[in-house]
Each structure stands twice: as C-alpha cells, then as structure tokens.
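Chemist: Coordinates in work-v9.cif, mmCIF, C-alpha atoms, are listed below.
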data_entry
loop_
_atom_site.label_atom_id
_atom_site.label_comp_id
_atom_site.auth_asym_id
_atom_site.auth_seq_id
_atom_site.Cartn_x
_atom_site.Cartn_y
_atom_site.Cartn_z
CA MET A 1049 -142.85 -28.67 4.63
CA ARG A 1050 -140.58 -28.53 1.63
CA THR A 1051 -137.11 -27.23 0.84
CA PHE A 1052 -137.56 -23.60 -0.07
CA ILE A 1053 -136.27 -20.34 -1.50
CA PRO A 1054 -137.11 -17.23 0.55
CA ASP A 1055 -140.28 -15.38 -0.39
CA PRO A 1056 -139.24 -11.72 -0.88
CA GLN A 1057 -142.56 -10.58 0.59
CA GLU A 1058 -141.89 -12.23 3.93
CA SER A 1059 -139.16 -11.59 6.45
CA THR A 1060 -137.70 -14.92 7.45
CA SER A 1061 -135.02 -16.39 9.63
CA PRO A 1062 -132.18 -18.22 7.87
CA GLY A 1063 -133.80 -21.58 8.50
CA ARG A 1064 -137.22 -20.59 7.12
CA ARG A 1065 -137.34 -21.22 3.39
CA ARG A 1066 -139.90 -20.90 0.65
CA LEU A 1067 -140.51 -22.82 -2.53
CA LEU A 1068 -140.24 -20.86 -5.77
CA LEU A 1069 -141.74 -22.43 -8.87
CA GLY A 1070 -139.85 -22.08 -12.10
CA GLY A 1071 -142.31 -19.95 -14.11
CA VAL A 1072 -145.61 -20.72 -15.75
CA ALA A 1073 -144.34 -23.96 -17.25
CA ALA A 1074 -144.07 -25.40 -13.74
CA ALA A 1075 -147.84 -25.29 -13.38
CA PHE A 1076 -148.36 -28.10 -15.89
CA ILE A 1077 -146.36 -31.25 -15.35
CA GLY A 1078 -146.24 -34.57 -17.13
CA SER A 1079 -144.18 -37.27 -15.52
CA GLY A 1080 -143.64 -40.96 -16.04
CA LEU A 1081 -143.29 -43.58 -13.36
CA GLY A 1082 -139.89 -44.30 -11.87
CA GLY A 1083 -138.68 -47.29 -9.93
CA CYS A 1084 -138.25 -47.45 -6.17
CA GLY A 1085 -136.88 -49.66 -3.45
CA SER A 1086 -140.30 -50.96 -2.37
CA PRO A 1087 -142.07 -53.25 -4.83
CA VAL A 1088 -144.66 -51.32 -6.86
CA VAL A 1089 -147.75 -53.03 -8.24
CA PRO A 1090 -149.12 -51.27 -11.36
CA LEU A 1091 -152.86 -50.75 -11.67
CA PRO A 1092 -154.74 -51.65 -14.85
CA GLY A 1093 -157.44 -49.46 -16.37
CA ALA A 1094 -158.21 -45.79 -15.87
CA GLY A 1095 -157.29 -45.57 -12.20
CA ARG A 1096 -159.19 -45.01 -8.99
CA LEU A 1097 -159.56 -41.22 -8.75
CA ARG A 1098 -162.00 -39.10 -10.77
CA ARG A 1099 -161.82 -35.32 -10.43
CA ILE A 1100 -165.04 -33.75 -9.13
CA ALA A 1101 -164.03 -30.18 -8.36
CA GLU A 1102 -161.13 -27.76 -8.04
CA ALA A 1103 -161.02 -24.36 -6.31
CA HIS A 1104 -158.44 -21.87 -5.05
CA TRP A 1105 -158.10 -19.31 -2.29
CA PRO A 1106 -156.54 -15.96 -3.20
CA HIS A 1107 -152.98 -15.28 -2.14
CA ARG A 1108 -152.68 -14.20 1.50
CA LEU A 1109 -156.42 -14.27 2.13
CA ASN A 1110 -157.27 -12.37 5.32
CA ILE A 1111 -159.36 -14.42 7.73
CA GLN A 1112 -160.24 -12.67 10.98
CA GLY A 1113 -157.06 -10.64 10.91
CA THR A 1114 -154.75 -13.55 10.10
CA THR A 1115 -152.97 -14.39 6.85
CA ALA A 1116 -154.29 -17.65 5.41
CA GLY A 1117 -151.93 -19.91 3.50
CA GLY A 1118 -149.42 -22.64 4.23
CA LEU A 1119 -152.21 -25.20 4.56
CA SER A 1120 -150.41 -28.43 5.38
CA GLY A 1121 -153.19 -30.50 6.93
CA ILE A 1122 -156.90 -31.06 6.34
CA ASP A 1123 -159.62 -33.17 7.94
CA TYR A 1124 -163.41 -33.25 7.68
CA ASP A 1125 -165.80 -33.01 10.63
CA ALA A 1126 -168.98 -34.76 9.49
CA ASN A 1127 -170.88 -33.69 12.62
CA ARG A 1128 -170.36 -30.01 11.79
CA SER A 1129 -170.08 -30.37 7.99
CA GLU A 1130 -166.84 -28.41 8.02
CA TYR A 1131 -163.18 -28.87 7.16
CA LEU A 1132 -160.30 -28.20 9.54
CA LEU A 1133 -157.28 -26.66 7.83
CA LEU A 1134 -153.92 -26.64 9.61
CA CYS A 1135 -151.56 -23.75 8.85
CA ASP A 1136 -147.81 -24.46 9.01
CA ASP A 1137 -146.85 -20.87 9.79
CA ARG A 1138 -144.30 -21.08 12.61
CA SER A 1139 -146.10 -18.15 14.27
CA ASP A 1140 -144.16 -15.75 12.03
CA LEU A 1141 -147.30 -14.10 10.60
CA SER A 1142 -149.82 -15.05 13.30
CA PRO A 1143 -149.68 -17.54 16.17
CA ALA A 1144 -149.90 -21.24 15.25
CA ARG A 1145 -153.49 -21.96 14.20
CA PHE A 1146 -156.03 -23.88 12.20
CA TYR A 1147 -158.99 -22.65 10.17
CA THR A 1148 -162.46 -24.03 9.63
CA ALA A 1149 -164.18 -23.87 6.25
CA SER A 1150 -167.29 -25.19 4.51
CA TRP A 1151 -167.30 -26.55 0.95
CA PRO A 1152 -170.79 -27.85 0.16
CA ALA A 1153 -171.93 -29.59 -3.02
CA PRO A 1154 -171.87 -28.91 -5.94
CA TRP A 1155 -168.41 -27.46 -5.04
CA THR A 1156 -168.61 -24.72 -7.69
CA GLN A 1157 -167.32 -22.07 -5.28
CA ALA A 1158 -164.13 -21.96 -3.23
CA PRO A 1159 -164.46 -23.17 0.37
CA ALA A 1160 -166.00 -20.50 2.59
CA PRO A 1161 -163.71 -19.56 5.50
CA GLY A 1162 -165.11 -19.93 9.00
CA ASP A 1163 -163.26 -19.52 12.28
CA VAL A 1164 -159.61 -19.19 13.27
CA VAL A 1165 -158.47 -21.29 16.25
CA GLN A 1166 -155.12 -20.69 17.94
CA LEU A 1167 -153.20 -23.77 19.03
CA GLN A 1168 -151.92 -23.43 22.58
CA ARG A 1169 -148.44 -24.44 23.72
CA PRO A 1170 -147.50 -26.43 26.86
CA GLY A 1171 -148.36 -24.30 29.88
CA GLY A 1172 -150.95 -22.31 27.93
CA GLY A 1173 -150.86 -19.32 25.64
CA PRO A 1174 -150.01 -19.04 21.94
CA TRP A 1175 -146.89 -20.58 20.45
CA PRO A 1176 -144.01 -18.07 20.18
CA ASP A 1177 -142.71 -16.50 16.98
CA ARG A 1178 -139.67 -18.46 15.82
CA ARG A 1179 -137.80 -15.31 14.80
CA ARG A 1180 -138.02 -13.71 18.22
CA THR A 1181 -138.20 -16.56 20.70
CA LYS A 1182 -135.45 -17.25 23.21
CA PRO A 1183 -132.95 -20.07 22.60
CA GLY A 1184 -134.17 -23.34 24.07
CA THR A 1185 -137.84 -22.49 23.56
CA PRO A 1186 -139.72 -24.92 21.28
CA VAL A 1187 -141.61 -23.49 18.31
CA ALA A 1188 -144.42 -25.34 16.55
CA ASP A 1189 -144.18 -26.24 12.87
CA PRO A 1190 -147.65 -27.81 12.36
CA GLU A 1191 -147.85 -30.23 9.44
CA SER A 1192 -150.85 -32.56 9.76
CA LEU A 1193 -154.01 -32.87 11.86
CA ARG A 1194 -156.78 -35.39 12.45
CA LEU A 1195 -160.00 -35.45 14.43
CA ARG A 1196 -159.90 -38.28 16.91
CA PRO A 1197 -163.04 -40.42 16.54
CA GLY A 1198 -165.10 -40.69 19.70
CA THR A 1199 -163.48 -37.82 21.58
CA GLY A 1200 -163.85 -34.79 19.29
CA THR A 1201 -160.28 -33.83 20.12
CA LEU A 1202 -157.65 -32.82 17.61
CA LEU A 1203 -154.43 -34.75 17.00
CA TRP A 1204 -151.60 -32.92 15.24
CA VAL A 1205 -147.90 -33.22 14.50
CA SER A 1206 -145.11 -30.66 14.41
CA GLU A 1207 -142.06 -31.17 12.23
CA GLY A 1208 -139.79 -29.67 14.85
CA ASP A 1209 -136.73 -27.53 14.38
CA VAL A 1210 -133.66 -29.74 14.30
CA LEU A 1211 -131.27 -26.82 13.83
CA ARG A 1212 -132.48 -25.40 17.16
CA GLY A 1213 -132.37 -28.78 18.85
CA PHE A 1214 -136.06 -29.78 18.72
CA GLY A 1215 -137.27 -32.92 17.01
CA PRO A 1216 -140.71 -33.77 15.64
CA SER A 1217 -143.60 -33.80 18.12
CA PHE A 1218 -147.09 -35.24 18.46
CA TYR A 1219 -149.89 -33.44 20.34
CA GLU A 1220 -153.56 -33.71 21.28
CA SER A 1221 -155.59 -30.53 21.62
CA ALA A 1222 -159.19 -29.59 22.36
CA ARG A 1223 -161.26 -28.11 19.54
CA ASP A 1224 -160.76 -24.67 21.11
CA GLY A 1225 -156.97 -25.09 20.78
CA ARG A 1226 -156.13 -25.92 24.41
CA LEU A 1227 -153.24 -28.37 24.60
CA LEU A 1228 -154.29 -31.58 26.32
CA ARG A 1229 -151.11 -33.64 26.07
CA GLU A 1230 -147.81 -34.18 24.31
CA PHE A 1231 -147.01 -37.78 23.43
CA ALA A 1232 -143.74 -39.42 24.41
CA LEU A 1233 -141.81 -40.50 21.30
CA PRO A 1234 -139.03 -43.05 20.75
CA ALA A 1235 -135.53 -41.69 21.32
CA MET A 1236 -134.69 -42.13 17.62
CA PHE A 1237 -136.62 -38.91 16.89
CA THR A 1238 -134.43 -36.79 19.18
CA PRO A 1239 -132.00 -34.59 17.20
CA ASP A 1240 -128.33 -35.46 17.39
CA PRO A 1241 -126.11 -32.38 17.86
CA ALA A 1242 -123.40 -34.16 15.85
CA ARG A 1243 -125.88 -34.80 12.99
CA GLN A 1244 -124.91 -38.48 12.79
CA ARG A 1245 -128.33 -39.89 13.70
CA GLY A 1246 -131.92 -38.86 14.09
CA PRO A 1247 -134.18 -36.66 11.97
CA ARG A 1248 -132.98 -34.28 9.29
CA ASP A 1249 -134.02 -30.64 9.53
CA ASN A 1250 -137.32 -29.93 7.79
CA LEU A 1251 -137.84 -33.65 7.01
CA GLY A 1252 -139.61 -34.78 10.16
CA PHE A 1253 -143.24 -35.71 10.81
CA GLU A 1254 -145.18 -34.69 7.73
CA GLY A 1255 -148.09 -37.15 7.78
CA LEU A 1256 -150.64 -38.30 10.36
CA ALA A 1257 -153.40 -40.92 10.04
CA VAL A 1258 -155.87 -42.27 12.59
CA THR A 1259 -157.38 -45.75 12.50
CA PRO A 1260 -161.17 -45.81 12.03
CA ASP A 1261 -161.75 -47.02 15.60
CA GLY A 1262 -159.83 -44.03 16.96
CA ARG A 1263 -157.51 -46.22 19.02
CA HIS A 1264 -154.25 -45.72 17.12
CA ALA A 1265 -152.45 -43.08 15.06
CA TRP A 1266 -149.71 -43.46 12.46
CA LEU A 1267 -146.95 -40.82 12.23
CA ALA A 1268 -145.04 -40.53 8.95
CA MET A 1269 -141.57 -39.09 8.45
CA GLU A 1270 -141.07 -37.18 5.21
CA ASN A 1271 -137.66 -38.78 4.62
CA ALA A 1272 -135.33 -41.27 6.27
CA LEU A 1273 -133.57 -40.77 9.58
CA ILE A 1274 -129.90 -39.96 9.02
CA GLN A 1275 -128.70 -43.43 10.06
CA ASP A 1276 -131.27 -45.17 7.84
CA GLY A 1277 -130.11 -43.83 4.49
CA PRO A 1278 -129.99 -40.86 2.12
CA VAL A 1279 -132.72 -38.61 0.78
CA PRO A 1280 -134.01 -39.50 -2.71
CA THR A 1281 -132.17 -38.34 -5.82
CA THR A 1282 -133.20 -38.31 -9.47
CA HIS A 1283 -131.27 -41.58 -9.88
CA ALA A 1284 -132.05 -43.50 -6.69
CA ALA A 1285 -134.83 -44.06 -4.17
CA GLY A 1286 -134.38 -42.58 -0.74
CA GLY A 1287 -133.67 -44.43 2.45
CA PRO A 1288 -136.67 -45.92 4.28
CA CYS A 1289 -139.08 -43.52 5.95
CA ARG A 1290 -140.32 -44.72 9.32
CA LEU A 1291 -144.09 -44.87 9.94
CA THR A 1292 -144.79 -45.18 13.65
CA LEU A 1293 -147.97 -46.56 15.23
CA VAL A 1294 -149.00 -44.93 18.53
CA ASP A 1295 -151.54 -46.36 20.98
CA LEU A 1296 -153.65 -43.30 21.82
CA GLU A 1297 -154.81 -44.70 25.16
CA THR A 1298 -151.36 -45.40 26.56
CA GLY A 1299 -149.63 -42.69 24.52
CA ARG A 1300 -146.81 -45.05 23.53
CA ALA A 1301 -145.38 -46.19 20.21
CA VAL A 1302 -146.26 -49.87 19.70
CA ARG A 1303 -145.11 -50.62 16.14
CA GLN A 1304 -143.14 -49.14 13.26
CA ILE A 1305 -142.77 -49.98 9.57
CA ALA A 1306 -140.56 -48.76 6.72
CA TYR A 1307 -141.67 -47.14 3.47
CA ILE A 1308 -139.28 -46.33 0.63
CA PRO A 1309 -140.04 -43.20 -1.43
CA ASP A 1310 -139.48 -43.13 -5.19
CA PRO A 1311 -136.51 -41.54 -6.88
CA ILE A 1312 -137.27 -37.91 -7.74
CA PRO A 1313 -139.41 -38.24 -10.89
CA LEU A 1314 -138.57 -34.79 -12.31
CA GLN A 1315 -135.30 -33.41 -13.62
CA PRO A 1316 -134.46 -29.83 -12.58
CA LEU A 1317 -134.06 -27.56 -15.57
CA LEU A 1318 -130.68 -26.43 -14.29
CA PRO A 1319 -128.57 -29.52 -13.57
CA GLY A 1320 -127.47 -29.64 -9.96
CA SER A 1321 -130.21 -27.31 -8.68
CA HIS A 1322 -132.65 -28.35 -5.98
CA ALA A 1323 -134.95 -31.35 -6.31
CA ASP A 1324 -136.63 -33.56 -3.68
CA ASN A 1325 -139.27 -36.21 -3.01
CA GLY A 1326 -140.86 -37.59 0.13
CA ILE A 1327 -144.05 -38.39 2.02
CA SER A 1328 -146.34 -35.38 2.40
CA GLU A 1329 -149.41 -37.08 3.93
CA ILE A 1330 -150.97 -40.41 4.87
CA LEU A 1331 -154.61 -41.49 5.28
CA MET A 1332 -156.21 -44.73 6.47
CA LEU A 1333 -158.39 -46.70 4.07
CA ASP A 1334 -159.41 -49.11 6.83
CA SER A 1335 -157.81 -50.50 9.97
CA ASP A 1336 -154.75 -51.80 8.12
CA ARG A 1337 -154.57 -50.27 4.61
CA MET A 1338 -153.11 -46.80 4.16
CA LEU A 1339 -152.84 -44.21 1.39
CA VAL A 1340 -149.43 -42.54 1.10
CA LEU A 1341 -148.97 -39.31 -0.87
CA GLU A 1342 -145.50 -38.72 -2.32
CA ARG A 1343 -144.84 -35.11 -3.26
CA ALA A 1344 -141.80 -34.18 -5.36
CA TYR A 1345 -140.36 -30.90 -6.60
CA ALA A 1346 -137.59 -29.99 -9.05
CA THR A 1347 -136.42 -26.45 -9.71
CA GLY A 1348 -137.93 -25.13 -12.90
CA ALA A 1349 -139.85 -28.34 -13.57
CA GLY A 1350 -142.44 -28.02 -10.80
CA ASN A 1351 -144.24 -30.63 -8.73
CA SER A 1352 -145.13 -34.30 -9.02
CA LEU A 1353 -147.81 -35.98 -6.88
CA ARG A 1354 -148.28 -39.74 -6.66
CA LEU A 1355 -150.72 -41.55 -4.42
CA TYR A 1356 -149.89 -45.10 -3.28
CA GLU A 1357 -151.67 -47.75 -1.23
CA ILE A 1358 -149.89 -49.96 1.29
CA GLU A 1359 -150.91 -52.82 3.58
CA THR A 1360 -149.34 -52.06 6.96
CA ARG A 1361 -149.50 -55.66 8.21
CA ASP A 1362 -147.18 -56.92 5.47
CA ALA A 1363 -144.13 -54.90 6.56
CA THR A 1364 -141.61 -55.81 9.26
CA ASP A 1365 -141.92 -54.17 12.68
CA VAL A 1366 -138.77 -52.05 12.98
CA LEU A 1367 -139.55 -50.17 16.19
CA ASN A 1368 -136.57 -51.79 17.94
CA THR A 1369 -134.25 -51.72 14.91
CA GLY A 1370 -131.68 -48.99 15.43
CA VAL A 1371 -130.49 -48.78 11.83
CA LEU A 1372 -132.52 -49.86 8.81
CA ALA A 1373 -130.28 -51.66 6.34
CA ALA A 1374 -130.79 -53.97 3.40
CA GLY A 1375 -131.67 -57.44 4.64
CA ASN A 1376 -132.77 -56.57 8.18
CA HIS A 1377 -136.37 -55.57 7.38
CA ARG A 1378 -139.13 -55.85 4.80
CA PRO A 1379 -140.53 -52.44 3.75
CA ALA A 1380 -144.18 -51.97 2.84
CA ALA A 1381 -145.01 -52.91 -0.75
CA LYS A 1382 -146.86 -50.11 -2.55
CA THR A 1383 -149.56 -50.07 -5.19
CA LEU A 1384 -149.97 -46.99 -7.36
CA VAL A 1385 -153.43 -45.47 -6.99
CA ALA A 1386 -152.95 -42.34 -9.13
CA ASP A 1387 -150.42 -40.01 -10.69
CA PHE A 1388 -152.00 -36.58 -10.20
CA ALA A 1389 -150.56 -35.38 -13.50
CA SER A 1390 -153.26 -37.46 -15.22
CA LEU A 1391 -156.25 -36.22 -13.18
CA GLY A 1392 -157.09 -33.04 -15.11
CA LEU A 1393 -156.09 -30.44 -12.52
CA SER A 1394 -155.25 -26.93 -13.73
CA ARG A 1395 -151.83 -27.24 -12.09
CA LEU A 1396 -149.89 -29.32 -9.60
CA ASP A 1397 -148.66 -27.53 -6.52
CA ASN A 1398 -147.23 -28.38 -3.11
CA THR A 1399 -150.07 -30.65 -1.95
CA GLU A 1400 -149.68 -31.62 1.71
CA GLY A 1401 -153.24 -32.23 2.99
CA LEU A 1402 -155.38 -35.32 2.34
CA CYS A 1403 -158.69 -36.35 3.94
CA TRP A 1404 -162.01 -38.10 3.37
CA GLY A 1405 -164.84 -35.68 2.69
CA PRO A 1406 -168.60 -36.27 2.96
CA ALA A 1407 -170.04 -39.49 1.57
CA MET A 1408 -170.99 -39.44 -2.11
CA PRO A 1409 -174.64 -40.06 -3.11
CA ASP A 1410 -173.64 -43.38 -4.73
CA GLY A 1411 -171.87 -44.52 -1.58
CA LYS A 1412 -168.34 -43.94 -2.87
CA ARG A 1413 -165.84 -41.95 -0.88
CA MET A 1414 -164.78 -38.40 -1.64
CA LEU A 1415 -161.06 -37.70 -1.33
CA VAL A 1416 -160.16 -34.03 -0.71
CA VAL A 1417 -156.68 -32.53 -1.00
CA VAL A 1418 -155.22 -29.09 -0.29
CA SER A 1419 -151.89 -27.51 -1.22
CA ASP A 1420 -149.49 -25.50 0.91
CA ASP A 1421 -148.65 -22.31 -1.00
CA ASN A 1422 -145.78 -21.43 1.38
CA PHE A 1423 -147.25 -17.88 1.38
CA ASN A 1424 -145.54 -17.54 -2.00
CA PRO A 1425 -147.33 -15.45 -4.69
CA LEU A 1426 -146.13 -17.82 -7.41
CA GLN A 1427 -147.92 -20.74 -5.75
CA THR A 1428 -151.55 -21.36 -4.88
CA THR A 1429 -153.82 -22.67 -2.15
CA GLN A 1430 -155.56 -25.34 -4.20
CA PHE A 1431 -158.49 -27.47 -3.08
CA ALA A 1432 -159.44 -30.50 -5.14
CA ALA A 1433 -162.08 -33.20 -4.64
CA PHE A 1434 -162.08 -36.65 -6.22
CA GLU A 1435 -164.40 -39.62 -6.33
CA TYR A 1436 -162.42 -42.53 -4.92
CA THR A 1437 -162.92 -46.09 -6.12
CA ASP A 1438 -161.48 -48.79 -3.89
CA ARG A 1439 -159.70 -51.75 -5.42
CA PRO A 1440 -161.77 -54.94 -5.93
#
Can you present the structure in this file as structure tokens?
Modeler:
Amino acid sequence: MRTFIPDPQESTSPGRRRLLLGGVAAAFIGSGLGGCGSPVVPLPGAGRLRRIAEAHWPHRLNIQGTTAGGLSGIDYDANRSEYLLLCDDRSDLSPARFYTASWPAPWTQAPAPGDVVQLQRPGGGPWPDRRRTKPGTPVADPESLRLRPGTGTLLWVSEGDVLRGFGPSFYESARDGRLLREFALPAMFTPDPARQRGPRDNLGFEGLAVTPDGRHAWLAMENALIQDGPVPTTHAAGGPCRLTLVDLETGRAVRQIAYIPDPIPLQPLLPGSHADNGISEILMLDSDRMLVLERAYATGAGNSLRLYEIETRDATDVLNTGVLAAGNHRPAAKTLVADFASLGLSRLDNTEGLCWGPAMPDGKRMLVVVSDDNFNPLQTTQFAAFEYTDRP
C-alpha cells in the first residue's frame, strides 16, 4: 500500500489514504536510473522483458456484489488455469477477500472475473471493517498472496495497522478462505508505542515469495524498520529493507537479509510535496534468486517501476542483528532487469502484484503484473503480461 490522498468517493478513516495522480501527464513517465546503497549491475542490450499484452478492468467493477479494485497481490494456479487476485480493501467496502479470474491466450480481452472468496479471521468469520471495529481488534490489510506448492493452500501477508498497535502479519488459509494458521514473527516487527523502533505505519509487509519446493517463504518489508534507517528521498537511498525467510514446516523465521531501495527517481512537480519509493512485490526465480519490484511515486509526476534481480545467498544473515548500520552487514547486490517506462505500456500505475503465468510455447516464462488502483477513479486496474528472458 502506498501513501495516499483521500478518494472523495469513499468514506475513510483518518489513517486510510488514497493516491491521487497529478493529471493526465502522470500516466506517461520517463525516468533515468539513480544510484542506491546496494551495488547495481547494469544490463547490456535490450533487456529481459518483452510486452505481450495489456488490459484494464473498469473502475469499481462489481463482482458478485463486491467492489473490485485495490489489487495488491496476484498468483497463478496452473491446475485450474486461473489467477488469484488479492484485494487490499481493509473490509471498508466488503470483507477482506480475493478474486479469481481467467486470462487465456491471446490475451486480447481483459481477464474474466470468476469467484469472490472471503478471507476468514482467527476464530472464524469475516474480518471486521476498520472504521467500525472495536479498539484492540486486528484488521487485515492484505498485500500479497502465494499458492503454496504441494498443499494447495494460500499464503498471504497483511501490512498491519501500526497506528492501532498491530504490526505486519503472515497467514495460511484454505482455498475457501478458512484461516489455517498465523505464523509467529520476530519481535522486531511488533509496533513500538513510542515509535522509536519497529515498522512504520503503512510500510510493513508488502511482498511475499515462495521457494519452488514450497518449503520456505520470503517476506519483504516495503521500507526500513525505524531503527534501521530513513525512508528514501529524491537525494538518498532509503535504509535497508528486511527480507525474512520463514520455514513453512516449523513456522519460524530462519534467515533474514537486507535490501536497499533506490532514491526516489522522480521529482514532485511541487517541491516539498509527497514522493516515495519502496518494495512493492518479490518473486522467486529459483531456489535462491529473487525478483524485487521497486515502485515509486511523486506528486504530479506519477509512478516509476523498476524490476531488479538479487541473489539471496550473497547477503549477510541479519536475523539476529538488532540495528542495521553501515559496516555490520552486507546487503543484497541488485541487477536491473527492466525499467517499466521503456516497456511500451500505455501508462504506469501503482503496480503491486507480480507472478509467473502459464508457460510460453517457446518454453520461456510469462511474467504477469497487476496494479492497485486504490479505488481511485484517476487510477486504473492494469494487467500486463511480458515474455521473460533469464540472464545467461
């Protein structure tokens, strides 16, 4: 989830914010490459993504009586030939949920909506509406989901609600939405009432990736923990984001690495107005290599999307490091895979979902992305498919 301006069409609590793009010009963005704290390896040639298709859902599409939008997570179920689309509505419009959809070749039409599945909370029943729930009651802010290989269950993360005292969470659910378990997380992810440590509000778990063997999951913070450093600015990279490896059998965190997001690559049109950058999704290439999507926004300038590759084994394990500081760890080095501004899309929006689609006829992988429109009429629910070429 991003930092937002309220959508006038939606009643929101003070903490619920919506992104407002700065006019038509924000739909088309050209941005150069900035430096960052992690070493960046440039790629020669034309790059590794080739656009295959692009499609959009209409604003506030009605699916079985629910308002579709806010799609923050996507995964593909090859057994059912359908996509799972996680909605980040905090039960304000309808209870926390995910959608199914089909998008068959040749991808000339928008994905066809299927079912709506409610996610259940601990103890059963739908998650409560954030605006009307009692103090002390957790509310889900779903941000990413993955099918767990071998079990058919659904893994998903919630960003939490730091202002109400709840940190990011990690869950496993059945395909019908029943909650199966909540994973125990390291204490570093517990909000600090004094705001001196722990996660920042709205900058918690944003990405989730599962290893191909289904034994482990990586959880990605959007920005650094408070004690680890600042958020990115237009002049400096942010503090290190923690990526945490969880053993799905034991349910425990077993490793953690650091990843440093770029400086904000766009300048807001009005100096001093809002701009940000951070991790919006992660995806495994194999057992050790990971794709990391950095998503940036600057008021009036729009969005920037950059996809990087990292090798998780090359970074220091920081699971037992209380504060990440220069000299006490080695962050993951990153290789640029693609700047989405060069991929021929009609616009760049708030892309938060990333998954592998069905296999291509030539054996190459299909990479599918979806954007979170924040239920904002000036944004869009955008689906895009790319042919992915791995590095030699």
Chemist: Counting only C-alpha atoms, find the residues whose atoms lie at most 12 Å from (-137.1, -30.7, 15.9) (file coordinates) and write them out as a PyMOL selection string.
Modeler: chain A and resi 1184-1190+1205-1218+1236-1241+1246-1253
Chemist: For this file, the PyMOL selection byres ((chain A and resi 1098) around 10) selects which residues, as JSON, numbers by chain?
Modeler: {"A": [1094, 1095, 1096, 1097, 1099, 1100, 1101, 1386, 1390, 1391, 1392, 1414, 1415, 1433, 1434, 1435, 1436, 1437]}
Chemist: Which protein, DNA or RNA residues are at most 9 Å from (-148.7, -30.6, 4.6) in the file's coordinates when you count all atoms listed in the file, listed as JSON, numbers by chain?
Modeler: {"A": [1049, 1050, 1118, 1119, 1120, 1121, 1122, 1134, 1135, 1136, 1190, 1191, 1192, 1254, 1255, 1328, 1329, 1398, 1399, 1400, 1401, 1402, 1418, 1419, 1420]}
Chemist: Using C-alpha atoms, can you export the residues from the last selection as an mmCIF file, in the frame of the given file?
Modeler:
data_model
loop_
_atom_site.group_PDB
_atom_site.id
_atom_site.type_symbol
_atom_site.label_atom_id
_atom_site.label_comp_id
_atom_site.auth_asym_id
_atom_site.auth_seq_id
_atom_site.Cartn_x
_atom_site.Cartn_y
_atom_site.Cartn_z
ATOM 1 C CA MET A 1049 -142.850 -28.670 4.630
ATOM 2 C CA ARG A 1050 -140.580 -28.530 1.630
ATOM 3 C CA GLY A 1118 -149.420 -22.640 4.230
ATOM 4 C CA LEU A 1119 -152.210 -25.200 4.560
ATOM 5 C CA SER A 1120 -150.410 -28.430 5.380
ATOM 6 C CA GLY A 1121 -153.190 -30.500 6.930
ATOM 7 C CA ILE A 1122 -156.900 -31.060 6.340
ATOM 8 C CA LEU A 1134 -153.920 -26.640 9.610
ATOM 9 C CA CYS A 1135 -151.560 -23.750 8.850
ATOM 10 C CA ASP A 1136 -147.810 -24.460 9.010
ATOM 11 C CA PRO A 1190 -147.650 -27.810 12.360
ATOM 12 C CA GLU A 1191 -147.850 -30.230 9.440
ATOM 13 C CA SER A 1192 -150.850 -32.560 9.760
ATOM 14 C CA GLU A 1254 -145.180 -34.690 7.730
ATOM 15 C CA GLY A 1255 -148.090 -37.150 7.780
ATOM 16 C CA SER A 1328 -146.340 -35.380 2.400
ATOM 17 C CA GLU A 1329 -149.410 -37.080 3.930
ATOM 18 C CA ASN A 1398 -147.230 -28.380 -3.110
ATOM 19 C CA THR A 1399 -150.070 -30.650 -1.950
ATOM 20 C CA GLU A 1400 -149.680 -31.620 1.710
ATOM 21 C CA GLY A 1401 -153.240 -32.230 2.990
ATOM 22 C CA LEU A 1402 -155.380 -35.320 2.340
ATOM 23 C CA VAL A 1418 -155.220 -29.090 -0.290
ATOM 24 C CA SER A 1419 -151.890 -27.510 -1.220
ATOM 25 C CA ASP A 1420 -149.490 -25.500 0.910
#
Chemist: Find, counting only C-alpha atoms, the residue in A:Thr1199, A:Gln1275, A:Thr1364, A:Thr1148 that gets nearest to Arg1378 (chain A).
Modeler: A:Thr1364
Chemist: What separation in Å, quoted to one decimal, exists between CA of Leu1291 (chain A) and CA of Asp1362 (chain A)?
Modeler: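 So the answer is 13.2 Å.
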Chemist: May I ask which of the residues A:Asp1177, A:Leu1318, A:Ile1305, A:Trp1404 is the closest one to Tyr1124 (chain A), counting only C-alpha atoms?
Modeler: A:Trp1404
Chemist: Would you write out, as a PyMOL selection string, every residue that the PyMOL selection byres ((chain A and resi 1367-1376) around 9) captures in this file?
Modeler: chain A and resi 1234+1236+1273+1275-1277+1287-1288+1290+1292+1301-1306+1364-1366+1377-1378
